[in-house]
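Visitor: Just one file: target-v5.csv, with CSV, C-alpha atoms.
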```
chain,number,residue,atom,x,y,z
U,1118,MET,CA,0.2,-34.0,-32.3
U,1119,ARG,CA,1.9,-32.3,-35.2
U,1120,TYR,CA,-1.2,-30.2,-35.9
U,1121,GLY,CA,-1.6,-29.1,-32.3
U,1122,THR,CA,2.0,-27.7,-32.0
U,1123,PRO,CA,1.4,-24.3,-33.8
U,1124,LYS,CA,-1.6,-23.6,-31.5
U,1125,TRP,CA,0.3,-24.2,-28.3
U,1126,LEU,CA,3.2,-22.2,-29.7
U,1127,GLY,CA,0.9,-19.4,-30.3
U,1128,VAL,CA,-0.6,-19.6,-26.8
U,1129,GLY,CA,2.9,-19.7,-25.3
U,1130,ALA,CA,4.0,-16.7,-27.4
U,1131,ALA,CA,0.9,-14.7,-26.3
U,1132,VAL,CA,1.5,-15.5,-22.6
U,1133,ALA,CA,5.2,-14.5,-23.0
U,1134,ALA,CA,4.2,-11.3,-24.7
U,1135,ALA,CA,1.6,-10.5,-22.0
U,1136,GLY,CA,4.2,-11.2,-19.3
U,1137,LEU,CA,6.8,-9.0,-21.0
U,1138,ALA,CA,4.2,-6.1,-21.3
U,1139,TYR,CA,3.3,-6.5,-17.6
U,1140,HIS,CA,7.0,-6.4,-16.5
U,1141,THR,CA,8.2,-3.6,-18.7
U,1142,ALA,CA,5.2,-1.3,-19.0
U,1143,LEU,CA,2.3,-2.0,-16.7
U,1144,ARG,CA,4.2,-3.0,-13.5
U,1145,PRO,CA,6.5,0.0,-13.3
U,1146,ARG,CA,3.6,2.4,-13.8
U,1147,MET,CA,1.5,0.6,-11.3
U,1148,ASN,CA,4.3,0.6,-8.6
U,1149,ARG,CA,4.9,4.3,-9.2
U,1150,TRP,CA,1.4,5.5,-9.6
U,1151,GLY,CA,1.2,9.2,-9.2
U,1152,ALA,CA,4.8,9.6,-8.2
U,1153,THR,CA,7.6,11.2,-10.1
U,1154,GLN,CA,10.9,9.4,-10.7
U,1155,THR,CA,12.6,11.6,-8.2
U,1156,GLU,CA,10.0,10.7,-5.5
U,1157,ALA,CA,10.2,7.0,-6.3
U,1158,ARG,CA,14.0,7.0,-5.9
U,1159,ARG,CA,14.5,9.4,-3.0
U,1160,PRO,CA,14.9,8.0,0.5
U,1161,LEU,CA,11.9,8.1,2.8
U,1162,PRO,CA,11.5,7.3,6.5
U,1163,GLY,CA,11.5,3.5,7.1
U,1164,ASP,CA,13.7,2.6,4.1
U,1165,GLU,CA,16.5,1.5,6.4
U,1166,LEU,CA,14.2,-1.2,7.9
U,1167,SER,CA,14.2,-3.1,4.5
U,1168,PRO,CA,17.6,-2.3,2.9
U,1169,ASP,CA,17.3,-5.0,0.2
U,1170,PRO,CA,13.6,-5.4,-0.5
U,1171,PHE,CA,12.0,-7.9,-2.9
U,1172,LEU,CA,9.0,-5.6,-3.4
U,1173,HIS,CA,9.2,-1.8,-3.7
U,1174,SER,CA,6.5,0.6,-4.6
U,1175,THR,CA,6.1,4.4,-4.2
U,1176,ARG,CA,2.7,6.0,-4.9
U,1177,ALA,CA,1.9,9.7,-4.5
U,1178,ILE,CA,-1.0,12.1,-4.7
U,1179,THR,CA,-1.6,15.8,-4.0
U,1180,ILE,CA,-4.3,16.7,-1.6
U,1181,ASP,CA,-6.0,20.1,-1.5
U,1182,ALA,CA,-5.7,20.2,2.3
U,1183,PRO,CA,-2.9,21.0,4.8
U,1184,PRO,CA,-1.1,18.2,6.6
U,1185,TYR,CA,-3.1,18.8,9.8
U,1186,ALA,CA,-6.3,17.9,8.0
U,1187,VAL,CA,-4.7,14.8,6.4
U,1188,TRP,CA,-2.9,13.3,9.3
U,1189,PRO,CA,-5.9,12.3,11.5
U,1190,TRP,CA,-7.1,10.0,8.7
U,1191,ILE,CA,-3.7,8.3,8.5
U,1192,ALA,CA,-3.3,8.0,12.3
U,1193,GLN,CA,-6.6,6.1,12.8
U,1194,VAL,CA,-6.2,3.4,10.1
U,1195,GLY,CA,-6.5,-0.3,11.0
U,1196,TYR,CA,-8.7,-3.3,11.5
U,1197,GLY,CA,-11.2,-2.6,14.2
U,1198,ARG,CA,-10.3,1.1,14.0
U,1199,ALA,CA,-11.1,3.4,11.1
U,1200,GLY,CA,-10.5,0.8,8.5
U,1201,TRP,CA,-8.6,1.4,5.3
U,1202,TYR,CA,-10.7,3.8,3.2
U,1203,SER,CA,-10.4,1.3,0.4
U,1204,TYR,CA,-12.8,-1.4,-0.9
U,1205,ASP,CA,-14.5,-2.6,2.2
U,1206,TRP,CA,-16.0,-5.7,0.5
U,1207,VAL,CA,-12.4,-6.8,-0.5
U,1208,GLU,CA,-11.1,-6.1,3.1
U,1209,ARG,CA,-13.9,-8.3,4.5
U,1210,LEU,CA,-13.0,-11.1,2.1
U,1211,MET,CA,-9.4,-10.8,3.4
U,1212,PHE,CA,-10.6,-10.9,7.1
U,1213,ALA,CA,-9.4,-7.3,7.5
U,1214,GLY,CA,-12.9,-5.7,7.4
U,1215,ARG,CA,-14.0,-4.8,10.9
U,1216,TYR,CA,-14.6,-1.1,11.4
U,1217,ALA,CA,-15.3,1.3,14.2
U,1218,GLU,CA,-18.3,2.6,12.2
U,1219,GLY,CA,-19.2,-0.6,10.5
U,1220,HIS,CA,-17.4,0.6,7.3
U,1221,SER,CA,-14.4,2.7,6.6
U,1222,ALA,CA,-14.6,5.8,8.8
U,1223,THR,CA,-16.2,9.0,7.5
U,1224,TRP,CA,-15.2,11.1,10.5
U,1225,ILE,CA,-12.2,11.5,12.8
U,1226,HIS,CA,-12.2,9.5,16.0
U,1227,PRO,CA,-10.4,11.3,18.8
U,1228,GLU,CA,-9.9,8.1,20.7
U,1229,LEU,CA,-7.8,6.7,17.8
U,1230,GLN,CA,-5.5,9.6,17.4
U,1231,ASP,CA,-2.9,8.9,20.1
U,1232,LEU,CA,-0.7,6.6,18.1
U,1233,ARG,CA,3.0,6.2,19.2
U,1234,GLU,CA,6.0,4.2,18.3
U,1235,GLY,CA,5.7,0.7,19.5
U,1236,ASP,CA,1.9,0.7,19.4
U,1237,VAL,CA,0.4,-2.0,17.2
U,1238,VAL,CA,-1.9,-1.5,14.2
U,1239,PRO,CA,-4.2,-4.5,13.7
U,1240,PHE,CA,-4.3,-5.6,10.0
U,1241,GLY,CA,-6.8,-8.4,10.3
U,1242,VAL,CA,-7.7,-11.4,12.4
U,1243,GLY,CA,-4.5,-12.3,14.4
U,1244,VAL,CA,-2.3,-9.8,12.5
U,1245,ARG,CA,-0.9,-7.0,14.5
U,1246,ILE,CA,2.0,-4.9,13.2
U,1247,PRO,CA,3.9,-2.3,15.3
U,1248,VAL,CA,4.5,1.3,14.5
U,1249,THR,CA,8.2,1.6,13.9
U,1250,ALA,CA,8.5,5.3,13.3
U,1251,ILE,CA,6.1,8.2,13.7
U,1252,GLU,CA,6.1,12.0,13.6
U,1253,PRO,CA,2.6,13.5,13.7
U,1254,GLU,CA,1.7,15.4,10.5
U,1255,LYS,CA,4.9,14.2,8.8
U,1256,TYR,CA,5.2,10.4,8.6
U,1257,LEU,CA,4.0,7.1,9.9
U,1258,VAL,CA,5.9,3.9,9.3
U,1259,ILE,CA,4.2,0.6,10.1
U,1260,GLY,CA,6.3,-2.5,10.2
U,1261,LYS,CA,9.3,-3.0,7.8
U,1262,SER,CA,7.9,-1.0,6.1
U,1263,TRP,CA,4.7,0.6,5.0
U,1264,ALA,CA,5.4,4.3,5.1
U,1265,PHE,CA,3.0,7.2,4.8
U,1266,VAL,CA,4.8,10.5,4.3
U,1267,LEU,CA,3.1,13.9,4.3
U,1268,GLU,CA,4.9,16.9,2.7
U,1269,ASP,CA,3.6,20.4,3.3
U,1270,LEU,CA,3.4,22.2,0.0
U,1271,SER,CA,3.1,25.5,1.8
U,1272,ASP,CA,0.0,26.6,-0.1
U,1273,GLY,CA,-2.6,24.7,1.8
U,1274,ARG,CA,-1.9,21.5,0.0
U,1275,THR,CA,-0.2,18.3,1.0
U,1276,ARG,CA,1.8,15.8,-1.0
U,1277,LEU,CA,1.1,12.2,0.3
U,1278,LEU,CA,3.6,9.6,-0.5
U,1279,VAL,CA,3.0,5.9,0.3
U,1280,ARG,CA,5.9,3.5,0.1
U,1281,THR,CA,5.9,-0.3,0.5
U,1282,ARG,CA,9.2,-2.2,0.8
U,1283,GLY,CA,9.7,-5.7,2.0
U,1284,PRO,CA,10.4,-9.4,1.3
U,1285,GLY,CA,6.9,-10.1,-0.1
U,1286,TRP,CA,3.6,-11.2,1.4
U,1287,VAL,CA,3.6,-14.8,0.4
U,1288,ARG,CA,7.4,-15.1,-0.2
U,1289,ALA,CA,8.4,-13.9,3.2
U,1290,PRO,CA,7.2,-16.8,5.4
U,1291,LEU,CA,8.7,-19.2,2.7
U,1292,GLN,CA,12.1,-17.7,2.4
U,1293,ARG,CA,13.9,-20.7,3.9
U,1294,ILE,CA,12.3,-23.2,1.6
U,1295,PRO,CA,13.9,-22.9,-1.9
U,1296,VAL,CA,11.1,-24.2,-4.2
U,1297,LEU,CA,8.3,-22.7,-2.2
U,1298,ARG,CA,10.1,-19.4,-2.0
U,1299,GLN,CA,10.1,-19.1,-5.8
U,1300,ILE,CA,6.4,-20.0,-5.9
U,1301,GLY,CA,5.7,-17.4,-3.3
U,1302,ALA,CA,7.7,-14.8,-5.2
U,1303,ALA,CA,5.7,-15.5,-8.4
U,1304,ILE,CA,2.4,-15.1,-6.5
U,1305,ASP,CA,3.5,-11.8,-5.0
U,1306,TYR,CA,4.7,-10.6,-8.4
U,1307,ALA,CA,1.7,-11.6,-10.5
U,1308,ILE,CA,-1.2,-11.3,-7.9
U,1309,GLY,CA,0.0,-9.6,-4.7
U,1310,GLU,CA,1.4,-6.5,-6.3
U,1311,PRO,CA,-1.6,-5.8,-8.6
U,1312,LEU,CA,-4.0,-6.4,-5.6
U,1313,HIS,CA,-1.9,-4.1,-3.4
U,1314,HIS,CA,-2.0,-1.4,-6.1
U,1315,PHE,CA,-5.7,-1.8,-6.5
U,1316,MET,CA,-6.3,-1.4,-2.7
U,1317,GLU,CA,-3.7,1.2,-1.9
U,1318,ARG,CA,-4.7,3.5,-4.8
U,1319,LYS,CA,-8.3,3.4,-3.5
U,1320,MET,CA,-7.1,4.1,0.0
U,1321,MET,CA,-5.1,7.1,-1.1
U,1322,LEU,CA,-8.1,8.5,-3.0
U,1323,GLY,CA,-10.2,7.8,0.1
U,1324,VAL,CA,-7.9,9.9,2.2
U,1325,VAL,CA,-8.0,12.7,-0.4
U,1326,GLU,CA,-11.9,12.7,-0.4
U,1327,ARG,CA,-12.0,12.8,3.4
U,1328,ALA,CA,-9.3,15.4,4.0
U,1329,GLU,CA,-10.6,17.8,1.4
U,1330,ALA,CA,-14.2,17.4,2.7
U,1331,LEU,CA,-12.9,18.4,6.2
U,1332,VAL,CA,-11.4,21.7,5.1
U,1333,ARG,CA,-14.5,22.6,3.2
U,1334,ILE,CA,-16.7,22.4,6.4
```
Would you write out, as structure tokens, the structure that this file holds?

Guide:
Amino acid sequence: MRYGTPKWLGVGAAVAAAGLAYHTALRPRMNRWGATQTEARRPLPGDELSPDPFLHSTRAITIDAPPYAVWPWIAQVGYGRAGWYSYDWVERLMFAGRYAEGHSATWIHPELQDLREGDVVPFGVGVRIPVTAIEPEKYLVIGKSWAFVLEDLSDGRTRLLVRTRGPGWVRAPLQRIPVLRQIGAAIDYAIGEPLHHFMERKMMLGVVERAEALVRI
């Protein structure tokens, strides 16, 4: 037993170092991908719906297309709609991969553009989340809250900001159960946040590709 102790101490130290690096370096950059500190801190539509969030991320990207060319791609997202412009194979594994075109949309669907406050956006099998705030070509807030904000840069470009705030994906349904709440929080922290970053980043790049292609036609 004596001889094994240094090895386990080394493993423990490595795990602790990795956790510290994730918390202090990787996670802040991941949750603020593409966004400035000012953008990450400023209030956005939908913030009031989650005044004390457990999870909070703000990502941003500049699109070489005006808001009118970006908005239609945002308005038609959803399961059974245009999809998510992310990794379709991952969405299918998460039961969120049914699409109007059989894959994430590559064209604008006029029948999916009339989105209003109170309408629901399907997220997967049995998951339907309402639109809580919307102003076409400016912002869309789904639930409490996933916010898509379009800022006109007045030179034919758009700044897209995507903010997520809330109690957590696994933690939320377990909030009233003390031990399980902590386990859910750990899963959201170590797995949920990186997965969300992985998918949301790809989604934003997918919007960029589609909107910029539209203005080139």

Visitor: List as a PyMOL selection string the protein and nucleic acid residues near segment 1300-1310 of chain U, meaning an atom at most 7 Å away when all atoms listed in the file are counted, but skip any in the same chain fewer than 6 places from it.

Guide: chain U and resi 1285-1288+1291

Visitor: Smallest atom-to-atom distance to Glu1317 of chain U: which of U:Val1332, U:Ala1182, U:Leu1278, U:Ala1199, using all atoms listed in the file?

Guide: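 Smallest separation from Glu1317 of chain U among the options: U:Leu1278.
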
Visitor: Env of Trp1206 of chain U: 12 Å cut, atoms = only C-alpha atoms, seq-sep filter 4 positions within chain, self excluded. Answer as number ranges by chain.

Guide: U: 1200-1202, 1210-1216, 1219-1221, 1316

Visitor: Would you export the selected residues with C-alpha atoms as a PDB file, in the frame of the given file, please?

Guide:
```pdb
ATOM      1  CA  GLY U1200     -10.500   0.800   8.500  1.00  0.00           C
ATOM      2  CA  TRP U1201      -8.600   1.400   5.300  1.00  0.00           C
ATOM      3  CA  TYR U1202     -10.700   3.800   3.200  1.00  0.00           C
ATOM      4  CA  LEU U1210     -13.000 -11.100   2.100  1.00  0.00           C
ATOM      5  CA  MET U1211      -9.400 -10.800   3.400  1.00  0.00           C
ATOM      6  CA  PHE U1212     -10.600 -10.900   7.100  1.00  0.00           C
ATOM      7  CA  ALA U1213      -9.400  -7.300   7.500  1.00  0.00           C
ATOM      8  CA  GLY U1214     -12.900  -5.700   7.400  1.00  0.00           C
ATOM      9  CA  ARG U1215     -14.000  -4.800  10.900  1.00  0.00           C
ATOM     10  CA  TYR U1216     -14.600  -1.100  11.400  1.00  0.00           C
ATOM     11  CA  GLY U1219     -19.200  -0.600  10.500  1.00  0.00           C
ATOM     12  CA  HIS U1220     -17.400   0.600   7.300  1.00  0.00           C
ATOM     13  CA  SER U1221     -14.400   2.700   6.600  1.00  0.00           C
ATOM     14  CA  MET U1316      -6.300  -1.400  -2.700  1.00  0.00           C
TER      15      MET U1316
END
```

Visitor: Looking at U:Ala1192, U:Val1242, U:Val1279, U:Ala1157, which one is nearest to His1314 of chain U, with distances taken over all atoms listed in the file?

Guide: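 Result for the nearest residue to His1314 of chain U: U:Val1279.
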
Visitor: Find the residue from U:Asn1148, U:Thr1153, U:Gln1292, U:Thr1249 that sits nearest to Leu1172 of chain U; use all atoms listed in the file when measuring.

Guide: U:Asn1148

Visitor: Pick out the residues sitting within 9 Å of Gly1151 of chain U, and hand them over as a list of chain:residue names; count all atoms listed in the file, and ignore anything fewer than 4 positions along from it in its own chain.

Guide: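 Residues near the query, excluding close chain neighbours: U:Arg1146, U:Met1147, U:Thr1175, U:Arg1176, U:Ala1177, U:Ile1178, U:Thr1179.
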
Visitor: Can you work out the spacing between atom CA of Val1324 of chain U and atom CA of Tyr1204 of chain U in Å, to one decimal?

Guide: 12.7 Å

Visitor: Which one is closest to Val1238 of chain U: U:Ile1251, U:Val1194, U:Leu1267, U:Leu1277? Count only C-alpha atoms.

Guide: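 The closest residue to Val1238 of chain U is U:Val1194.
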
Visitor: Between U:Ser1262, U:Gly1197, U:Glu1228, U:Ala1152, which has the minimum distance to Gly1243 of chain U (counting all atoms listed in the file)?

Guide: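 Smallest distance to Gly1243 of chain U is found for U:Gly1197.
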
Visitor: Which distance in Å separates atom CA of Ile1191 of chain U and atom CA of Leu1257 of chain U, to one decimal?

Guide: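 Atom CA of Leu1257 of chain U lies 7.9 Å from atom CA of Ile1191 of chain U.
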
Visitor: Which value, in Å to one decimal, gives the distance between atom CA of Arg1144 of chain U and atom CA of Glu1326 of chain U?

Guide: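 If I compute the distance from atom CA of Arg1144 of chain U to atom CA of Glu1326 of chain U, I get 26.0 Å.
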
Visitor: Show me, as a PyMOL selection string, the residues that have an atom within 12 Å of Ile1246 of chain U when counting only C-alpha atoms, minus same-chain residues fewer than 5 positions from it.

Guide: chain U and resi 1195-1196+1234-1241+1258-1263

Visitor: Which residue gives the smallest distance to Ser1174 of chain U among U:Arg1245, U:Arg1282, U:Arg1318, U:Lys1255, with only C-alpha atoms counted?

Guide: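 Looking at the shortest contact to Ser1174 of chain U, the residue is U:Arg1282.
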
Visitor: Output as lines of an AutoDock Vina configuration file the centre and edge lengths (Å, one decimal) of the box along x, y and z of the file that holds every listed atom of segment 1301-1315 of chain U after adding 6 Å on each side.

Guide:
```
center_x = 1.0
center_y = -9.4
center_z = -6.9
size_x = 25.4
size_y = 28.0
size_z = 19.2
```
